[in-house]
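J.: Structure: target-v8.cif, mmCIF, N, CA and C atoms and all ligand atoms.
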data_model
#
loop_
_atom_site.label_atom_id
_atom_site.label_comp_id
_atom_site.auth_asym_id
_atom_site.auth_seq_id
_atom_site.Cartn_x
_atom_site.Cartn_y
_atom_site.Cartn_z
N MET A 1 0.84 -1.19 0.00
CA MET A 1 0.00 0.00 0.00
C MET A 1 0.88 1.25 0.00
N ALA A 2 0.76 2.04 -1.02
CA ALA A 2 1.53 3.28 -1.09
C ALA A 2 0.70 4.42 -0.52
N LEU A 3 1.31 5.22 0.28
CA LEU A 3 0.60 6.35 0.87
C LEU A 3 1.15 7.64 0.32
N ASN A 4 0.27 8.60 0.04
CA ASN A 4 0.80 9.90 -0.35
C ASN A 4 1.28 10.64 0.91
N SER A 5 2.01 11.71 0.68
CA SER A 5 2.67 12.36 1.81
C SER A 5 1.68 12.94 2.81
N LYS A 6 0.52 13.33 2.31
CA LYS A 6 -0.49 13.89 3.20
C LYS A 6 -1.00 12.82 4.18
N ASP A 7 -1.32 11.64 3.62
CA ASP A 7 -1.78 10.55 4.47
C ASP A 7 -0.68 10.08 5.41
N ARG A 8 0.54 10.04 4.90
CA ARG A 8 1.66 9.59 5.71
C ARG A 8 1.80 10.50 6.93
N GLY A 9 1.70 11.81 6.71
CA GLY A 9 1.79 12.77 7.81
C GLY A 9 0.71 12.53 8.84
N LYS A 10 -0.50 12.26 8.37
CA LYS A 10 -1.61 12.02 9.28
C LYS A 10 -1.41 10.74 10.08
N ILE A 11 -0.91 9.72 9.42
CA ILE A 11 -0.70 8.46 10.11
C ILE A 11 0.43 8.59 11.14
N LEU A 12 1.50 9.30 10.75
CA LEU A 12 2.58 9.54 11.71
C LEU A 12 2.05 10.27 12.93
N HIS A 13 1.23 11.27 12.68
CA HIS A 13 0.65 12.05 13.77
C HIS A 13 -0.24 11.17 14.63
N SER A 14 -0.99 10.28 13.96
CA SER A 14 -1.88 9.37 14.66
C SER A 14 -1.09 8.42 15.57
N VAL A 15 0.03 7.90 15.04
CA VAL A 15 0.86 7.01 15.84
C VAL A 15 1.46 7.76 17.03
N ALA A 16 1.90 8.99 16.77
CA ALA A 16 2.49 9.80 17.85
C ALA A 16 1.45 10.04 18.95
N ARG A 17 0.23 10.36 18.55
CA ARG A 17 -0.83 10.59 19.54
C ARG A 17 -1.17 9.29 20.29
N TRP A 18 -1.21 8.20 19.55
CA TRP A 18 -1.47 6.91 20.18
C TRP A 18 -0.40 6.60 21.24
N LEU A 19 0.87 6.85 20.86
CA LEU A 19 1.97 6.62 21.79
C LEU A 19 1.82 7.46 23.06
N ALA A 20 1.32 8.67 22.87
CA ALA A 20 1.14 9.57 24.01
C ALA A 20 -0.09 9.20 24.84
N GLY A 21 -0.88 8.25 24.32
CA GLY A 21 -2.07 7.82 25.04
C GLY A 21 -3.30 8.65 24.71
N LEU A 22 -3.25 9.37 23.57
CA LEU A 22 -4.36 10.23 23.18
C LEU A 22 -5.22 9.59 22.09
N LYS A 23 -6.40 10.17 21.89
CA LYS A 23 -7.28 9.73 20.80
C LYS A 23 -6.85 10.41 19.50
N PRO A 24 -7.23 9.83 18.36
CA PRO A 24 -6.82 10.43 17.09
C PRO A 24 -7.51 11.77 16.83
N VAL A 25 -6.74 12.71 16.32
CA VAL A 25 -7.27 14.05 16.09
C VAL A 25 -7.98 14.15 14.74
N PHE A 26 -7.62 13.28 13.81
CA PHE A 26 -8.20 13.35 12.47
C PHE A 26 -9.42 12.44 12.31
N GLY A 27 -9.83 11.77 13.35
CA GLY A 27 -10.96 10.85 13.26
C GLY A 27 -10.50 9.46 12.90
N SER A 28 -11.40 8.52 13.05
CA SER A 28 -11.04 7.10 12.90
C SER A 28 -10.57 6.76 11.48
N LYS A 29 -10.93 7.57 10.51
CA LYS A 29 -10.53 7.32 9.13
C LYS A 29 -9.01 7.26 9.00
N HIS A 30 -8.34 8.08 9.78
CA HIS A 30 -6.89 8.13 9.66
C HIS A 30 -6.17 7.55 10.87
N TYR A 31 -6.93 6.91 11.71
CA TYR A 31 -6.32 6.31 12.87
C TYR A 31 -5.53 5.07 12.44
N PHE A 32 -4.30 5.01 12.80
CA PHE A 32 -3.44 3.94 12.26
C PHE A 32 -3.91 2.55 12.66
N GLU A 33 -4.66 2.45 13.76
CA GLU A 33 -5.08 1.12 14.20
C GLU A 33 -6.04 0.42 13.24
N LYS A 34 -6.56 1.16 12.27
CA LYS A 34 -7.44 0.51 11.30
C LYS A 34 -6.64 -0.27 10.25
N TYR A 35 -5.33 -0.01 10.20
CA TYR A 35 -4.50 -0.71 9.22
C TYR A 35 -4.03 -2.06 9.74
N SER A 36 -3.83 -2.99 8.81
CA SER A 36 -3.49 -4.35 9.20
C SER A 36 -2.14 -4.41 9.93
N TYR A 37 -1.25 -3.47 9.63
CA TYR A 37 0.08 -3.54 10.25
C TYR A 37 0.12 -2.93 11.64
N SER A 38 -1.03 -2.40 12.11
CA SER A 38 -1.00 -1.72 13.41
C SER A 38 -0.62 -2.66 14.55
N ARG A 39 -1.01 -3.95 14.42
CA ARG A 39 -0.68 -4.90 15.49
C ARG A 39 0.84 -5.00 15.67
N CYS A 40 1.54 -4.98 14.56
CA CYS A 40 3.00 -5.03 14.57
C CYS A 40 3.58 -3.76 15.21
N VAL A 41 2.98 -2.60 14.90
CA VAL A 41 3.42 -1.34 15.50
C VAL A 41 3.18 -1.37 17.01
N ILE A 42 2.01 -1.89 17.40
CA ILE A 42 1.67 -1.97 18.81
C ILE A 42 2.64 -2.89 19.55
N GLU A 43 3.02 -3.99 18.89
CA GLU A 43 4.00 -4.91 19.48
C GLU A 43 5.33 -4.22 19.73
N LYS A 44 5.73 -3.40 18.77
CA LYS A 44 7.04 -2.75 18.87
C LYS A 44 7.05 -1.57 19.84
N LEU A 45 5.93 -0.84 19.90
CA LEU A 45 5.94 0.41 20.66
C LEU A 45 4.94 0.45 21.81
N GLY A 46 4.11 -0.58 21.92
CA GLY A 46 3.02 -0.57 22.90
C GLY A 46 3.48 -0.34 24.34
N ALA A 47 4.68 -0.83 24.66
CA ALA A 47 5.17 -0.70 26.02
C ALA A 47 5.35 0.76 26.42
N TYR A 48 5.48 1.62 25.42
CA TYR A 48 5.72 3.04 25.70
C TYR A 48 4.43 3.86 25.74
N ARG A 49 3.32 3.21 25.41
CA ARG A 49 2.08 3.97 25.34
C ARG A 49 1.72 4.57 26.69
N GLY A 50 1.55 5.89 26.70
CA GLY A 50 1.16 6.59 27.91
C GLY A 50 2.28 6.73 28.94
N ALA A 51 3.49 6.30 28.55
CA ALA A 51 4.60 6.33 29.50
C ALA A 51 5.21 7.73 29.62
N ARG A 52 4.81 8.63 28.72
CA ARG A 52 5.37 9.99 28.69
C ARG A 52 6.88 9.96 28.55
N GLU A 53 7.34 8.96 27.83
CA GLU A 53 8.77 8.86 27.57
C GLU A 53 8.95 8.58 26.09
N CYS A 54 9.92 9.24 25.48
CA CYS A 54 10.18 9.01 24.07
C CYS A 54 10.82 7.64 23.89
N PRO A 55 10.23 6.77 23.05
CA PRO A 55 10.79 5.42 22.86
C PRO A 55 12.11 5.43 22.10
N PHE A 56 12.46 6.54 21.49
CA PHE A 56 13.67 6.59 20.66
C PHE A 56 14.86 7.19 21.40
N CYS A 57 14.66 8.29 22.12
CA CYS A 57 15.80 8.91 22.83
C CYS A 57 15.60 8.90 24.33
N HIS A 58 14.45 8.37 24.78
CA HIS A 58 14.15 8.17 26.21
C HIS A 58 14.08 9.45 27.01
N LYS A 59 13.85 10.55 26.30
CA LYS A 59 13.60 11.80 27.00
C LYS A 59 12.23 11.71 27.67
N LYS A 60 12.10 12.27 28.86
CA LYS A 60 10.82 12.23 29.56
C LYS A 60 10.08 13.56 29.42
N PHE A 61 8.74 13.45 29.40
CA PHE A 61 7.92 14.65 29.17
C PHE A 61 6.85 14.76 30.24
N ARG A 62 6.69 15.98 30.75
CA ARG A 62 5.61 16.20 31.70
C ARG A 62 4.31 16.49 30.96
N ARG A 63 4.43 17.16 29.83
CA ARG A 63 3.24 17.49 29.04
C ARG A 63 3.12 16.55 27.85
N ILE A 64 1.96 15.91 27.72
CA ILE A 64 1.72 14.95 26.65
C ILE A 64 1.87 15.60 25.27
N ALA A 65 1.35 16.82 25.16
CA ALA A 65 1.42 17.53 23.87
C ALA A 65 2.87 17.74 23.44
N ALA A 66 3.73 17.96 24.41
CA ALA A 66 5.14 18.17 24.09
C ALA A 66 5.77 16.89 23.55
N LEU A 67 5.34 15.75 24.05
CA LEU A 67 5.84 14.47 23.54
C LEU A 67 5.40 14.25 22.10
N VAL A 68 4.13 14.56 21.80
CA VAL A 68 3.62 14.41 20.43
C VAL A 68 4.45 15.28 19.48
N THR A 69 4.63 16.54 19.86
CA THR A 69 5.41 17.47 19.04
C THR A 69 6.84 16.96 18.86
N HIS A 70 7.43 16.47 19.92
CA HIS A 70 8.79 15.94 19.89
C HIS A 70 8.89 14.76 18.92
N LEU A 71 7.95 13.85 18.99
CA LEU A 71 7.98 12.66 18.13
C LEU A 71 7.92 13.06 16.65
N ILE A 72 7.01 13.99 16.33
CA ILE A 72 6.85 14.42 14.94
C ILE A 72 8.09 15.19 14.47
N LYS A 73 8.61 16.02 15.34
CA LYS A 73 9.72 16.90 14.95
C LYS A 73 11.04 16.14 14.84
N PHE A 74 11.30 15.24 15.76
CA PHE A 74 12.63 14.61 15.81
C PHE A 74 12.65 13.15 15.36
N HIS A 75 11.51 12.48 15.37
CA HIS A 75 11.55 11.03 15.12
C HIS A 75 10.61 10.57 14.01
N SER A 76 10.24 11.46 13.12
CA SER A 76 9.39 11.06 11.99
C SER A 76 10.04 9.93 11.20
N GLU A 77 11.35 10.02 11.01
CA GLU A 77 12.04 8.99 10.22
C GLU A 77 11.98 7.63 10.90
N GLU A 78 12.22 7.62 12.22
CA GLU A 78 12.17 6.35 12.96
C GLU A 78 10.77 5.77 12.92
N LEU A 79 9.78 6.64 13.12
CA LEU A 79 8.39 6.17 13.09
C LEU A 79 8.05 5.60 11.71
N GLU A 80 8.49 6.30 10.68
CA GLU A 80 8.22 5.84 9.32
C GLU A 80 8.90 4.50 9.04
N GLU A 81 10.11 4.35 9.56
CA GLU A 81 10.83 3.08 9.39
C GLU A 81 10.04 1.93 9.99
N ILE A 82 9.51 2.16 11.19
CA ILE A 82 8.72 1.12 11.86
C ILE A 82 7.47 0.81 11.05
N LEU A 83 6.81 1.87 10.56
CA LEU A 83 5.61 1.67 9.75
C LEU A 83 5.93 0.87 8.49
N GLU A 84 7.04 1.24 7.83
CA GLU A 84 7.45 0.54 6.62
C GLU A 84 7.70 -0.94 6.89
N LYS A 85 8.46 -1.19 7.94
CA LYS A 85 8.82 -2.56 8.32
C LYS A 85 7.57 -3.38 8.61
N CYS A 86 6.67 -2.78 9.37
CA CYS A 86 5.44 -3.47 9.74
C CYS A 86 4.56 -3.72 8.52
N ARG A 87 4.57 -2.75 7.61
CA ARG A 87 3.77 -2.90 6.39
C ARG A 87 4.31 -4.07 5.57
N GLU A 88 5.63 -4.17 5.47
CA GLU A 88 6.25 -5.28 4.72
C GLU A 88 5.91 -6.62 5.38
N GLU A 89 6.05 -6.65 6.71
CA GLU A 89 5.82 -7.91 7.44
C GLU A 89 4.39 -8.40 7.33
N SER A 90 3.45 -7.46 7.23
CA SER A 90 2.04 -7.88 7.24
C SER A 90 1.46 -8.00 5.83
N SER A 91 2.27 -7.75 4.80
CA SER A 91 1.73 -7.84 3.44
C SER A 91 2.00 -9.22 2.83
ZN ZN B 101 12.99 11.45 21.35
#
Could you quickly redo this structure as structure tokens?
Ligand SMILES: [Zn+2]

T.:
Amino acid sequence: MALNSKDRGKILHSVARWLAGLKPVFGSKHYFEKYSYSRCVIEKLGAYRGARECPFCHKKFRRIAALVTHLIKFHSEELEEILEKCREESS
């Protein structure tokens, strides 16, 4: 499944919000859990959900919104790598 950059951005944002323990901001249409590879993503990152800690650099956050912003700003590539890997594994 090829995603255009707009959808990719939304899914990255959705994963970041999920990691922070939040609900999707774009609605269920773009919530990554609707995709078949989400189980693989949850396996890889689920332990960090709601932990207020960055799974990539282990920085801790007091504000959930700051963690979401941090993930998008600094770890989009890592998140995308995980999504890619999971997409390959589940296809
Ligand atoms: Zn980080």

J.: Can you pull out every residue within 10 Å of His70 in chain A, counting only C-alpha atoms, but drop anything in the same chain fewer than 4 positions away, and send it as an MDAnalysis selection string?

T.: chainID A and resid 16 54 59 61 64:66 74:76

J.: Could you dump the residues just selected with N, CA and C atoms as an mmCIF file, in the coordinates of the input?

T.:
data_model
loop_
_atom_site.group_PDB
_atom_site.id
_atom_site.type_symbol
_atom_site.label_atom_id
_atom_site.label_comp_id
_atom_site.auth_asym_id
_atom_site.auth_seq_id
_atom_site.Cartn_x
_atom_site.Cartn_y
_atom_site.Cartn_z
ATOM 1 N N ALA A 16 1.900 8.990 16.770
ATOM 2 C CA ALA A 16 2.490 9.800 17.850
ATOM 3 C C ALA A 16 1.450 10.040 18.950
ATOM 4 N N CYS A 54 9.920 9.240 25.480
ATOM 5 C CA CYS A 54 10.180 9.010 24.070
ATOM 6 C C CYS A 54 10.820 7.640 23.890
ATOM 7 N N LYS A 59 13.850 10.550 26.300
ATOM 8 C CA LYS A 59 13.600 11.800 27.000
ATOM 9 C C LYS A 59 12.230 11.710 27.670
ATOM 10 N N PHE A 61 8.740 13.450 29.400
ATOM 11 C CA PHE A 61 7.920 14.650 29.170
ATOM 12 C C PHE A 61 6.850 14.760 30.240
ATOM 13 N N ILE A 64 1.960 15.910 27.720
ATOM 14 C CA ILE A 64 1.720 14.950 26.650
ATOM 15 C C ILE A 64 1.870 15.600 25.270
ATOM 16 N N ALA A 65 1.350 16.820 25.160
ATOM 17 C CA ALA A 65 1.420 17.530 23.870
ATOM 18 C C ALA A 65 2.870 17.740 23.440
ATOM 19 N N ALA A 66 3.730 17.960 24.410
ATOM 20 C CA ALA A 66 5.140 18.170 24.090
ATOM 21 C C ALA A 66 5.770 16.890 23.550
ATOM 22 N N PHE A 74 11.300 15.240 15.760
ATOM 23 C CA PHE A 74 12.630 14.610 15.810
ATOM 24 C C PHE A 74 12.650 13.150 15.360
ATOM 25 N N HIS A 75 11.510 12.480 15.370
ATOM 26 C CA HIS A 75 11.550 11.030 15.120
ATOM 27 C C HIS A 75 10.610 10.570 14.010
ATOM 28 N N SER A 76 10.240 11.460 13.120
ATOM 29 C CA SER A 76 9.390 11.060 11.990
ATOM 30 C C SER A 76 10.040 9.930 11.200
#

J.: So which residues of chain A fall under alpha helix (DSSP H) by DSSP, listed as a PyMOL selection string?

T.: chain A and resi 5-20+38-45+64-90

J.: Just give me the gap between atom C of Arg52 in chain A and atom N of Asp7 in chain A in Å, one decimal is fine.

T.: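 For atom C of Arg52 in chain A relative to atom N of Asp7 in chain A, the distance reads 26.3 Å.
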
J.: For range 82-89 of chain A, please output as a list in words all residues within 6 Å (counting all atoms listed in the file; exclusion window: fewer than 6 positions along the same chain).

T.: Tyr37, Cys40 and Val41 of chain A

J.: Using all atoms listed in the file, find each protein or nucleic acid residue lying at most 5 Å from ligand ZN 101 (chain B); present the set as a ChimeraX atom specification.

T.: /A:54,56-58

J.: What does the distance between atom N of Ser5 in chain A and atom C of Arg39 in chain A come to in Å, to one decimal place?

T.: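 So the answer is 22.5 Å.
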
J.: Work out how far apart atom N of Arg49 in chain A and CA of Ala20 in chain A are and give it in Å to one decimal.

T.: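 Computing it gives 6.9 Å between the two atoms.
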
J.: Hey, which of A:Lys10, A:Ile72, A:Leu45, A:Glu80 ends up closest to Phe32 in chain A? Count all atoms listed in the file.

T.: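 Comparing A:Lys10, A:Ile72, A:Leu45, A:Glu80 against Phe32 in chain A, the winner is A:Lys10.
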